[in-house]
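Input: a single structure, listed below in structure tokens.
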Amino acid sequence: MKKLYRTEGPAAMLAGVCGGIAEYFNIDPSVVRLITAALILAGGLSLWVYIVAAFVVPKKSQIFPEG
């Protein structure tokens with residue numbers, strides 16, 4: 001079963017939300033980051049949604065403690 005989580009380490013740019021979404025959908029994290037930035041700038045996605053996701057979505061190490 002696939003789980004949504006935030007990435008950690010060098011894969012995470014800010015909070016790891018976009019990296020985790022990219023791993024969940026098996027796509028390039030740069031694409032997710034560009035789409036997120038475009039939506040924030042266009043007003044379609046609030047920065048608050050990203051901030052809430054940074055607090056609500058667990059880190060990868062919390063879901064998979066060994067790896």
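Residues in the structure tokens are named by chain (A, B, ... in the order shown) and by number from 1 within that chain; ligands are numbered from 1 in the order shown.
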
List the neighbours of Asn26 of chain A out to 12 Å using only C-alpha atoms; skip same-chain residues closer than 6 positions along the sequence, and give me the result as a list in words. Lys2, Leu4, Cys18, Gly19, Gly20 and Val32 of chain A

Expected answer as JSON, numbers by chain: alpha helix (DSSP H) residues in chain A: {"A": [17, 18, 19, 20, 21, 22, 23, 24, 25, 29, 30, 31, 32, 33, 34, 35, 36, 37, 38, 39, 40, 41, 42, 47, 48, 49, 50, 51, 52, 53, 54, 55, 56, 60, 61, 62, 63]}

Take the residues from that selection and write them out as a compact mmCIF listing (two decimals), in the first residue's frame, keeping C-alpha atoms.
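Written file, again37.txt:
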```
# COMPACT_ATOMS: atom_id res chain seq x y z
CA VAL A 17 5.97 18.05 0.88
CA CYS A 18 6.54 18.23 -2.89
CA GLY A 19 9.18 15.49 -2.74
CA GLY A 20 6.77 13.21 -0.91
CA ILE A 21 3.99 13.90 -3.40
CA ALA A 22 6.40 13.18 -6.25
CA GLU A 23 7.42 9.85 -4.71
CA TYR A 24 3.76 8.96 -4.12
CA PHE A 25 2.89 9.52 -7.79
CA PRO A 29 10.02 16.21 -7.80
CA SER A 30 11.02 19.22 -9.93
CA VAL A 31 7.76 18.92 -11.85
CA VAL A 32 5.73 18.92 -8.63
CA ARG A 33 7.70 21.91 -7.30
CA LEU A 34 7.16 23.89 -10.51
CA ILE A 35 3.43 23.13 -10.55
CA THR A 36 3.13 24.07 -6.87
CA ALA A 37 5.01 27.35 -7.38
CA ALA A 38 2.89 28.21 -10.42
CA LEU A 39 -0.34 27.52 -8.52
CA ILE A 40 0.79 29.60 -5.56
CA LEU A 41 1.75 32.52 -7.81
CA ALA A 42 -1.50 32.23 -9.77
CA LEU A 47 0.69 28.99 0.63
CA TRP A 48 -1.29 28.08 3.73
CA VAL A 49 -2.20 24.71 2.18
CA TYR A 50 1.50 23.92 1.81
CA ILE A 51 2.20 25.01 5.39
CA VAL A 52 -0.65 22.88 6.75
CA ALA A 53 0.60 19.89 4.74
CA ALA A 54 4.07 20.40 6.21
CA PHE A 55 2.58 19.90 9.67
CA VAL A 56 -0.05 17.24 8.89
CA LYS A 60 9.22 9.30 5.91
CA SER A 61 11.20 8.25 9.00
CA GLN A 62 8.00 8.29 11.07
CA ILE A 63 6.29 5.84 8.70
```

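Between atom CA of Leu45 of chain A and atom CA of Glu8 of chain A the interatomic distance comes to 23.1 Å.
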
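A straight line drawn from atom CA of Asp28 of chain A to atom CA of Ser46 of chain A is 22.0 Å long.
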
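The gap separating atom CA of Gly9 of chain A from atom CA of Phe64 of chain A is 14.6 Å, in Å to one decimal.
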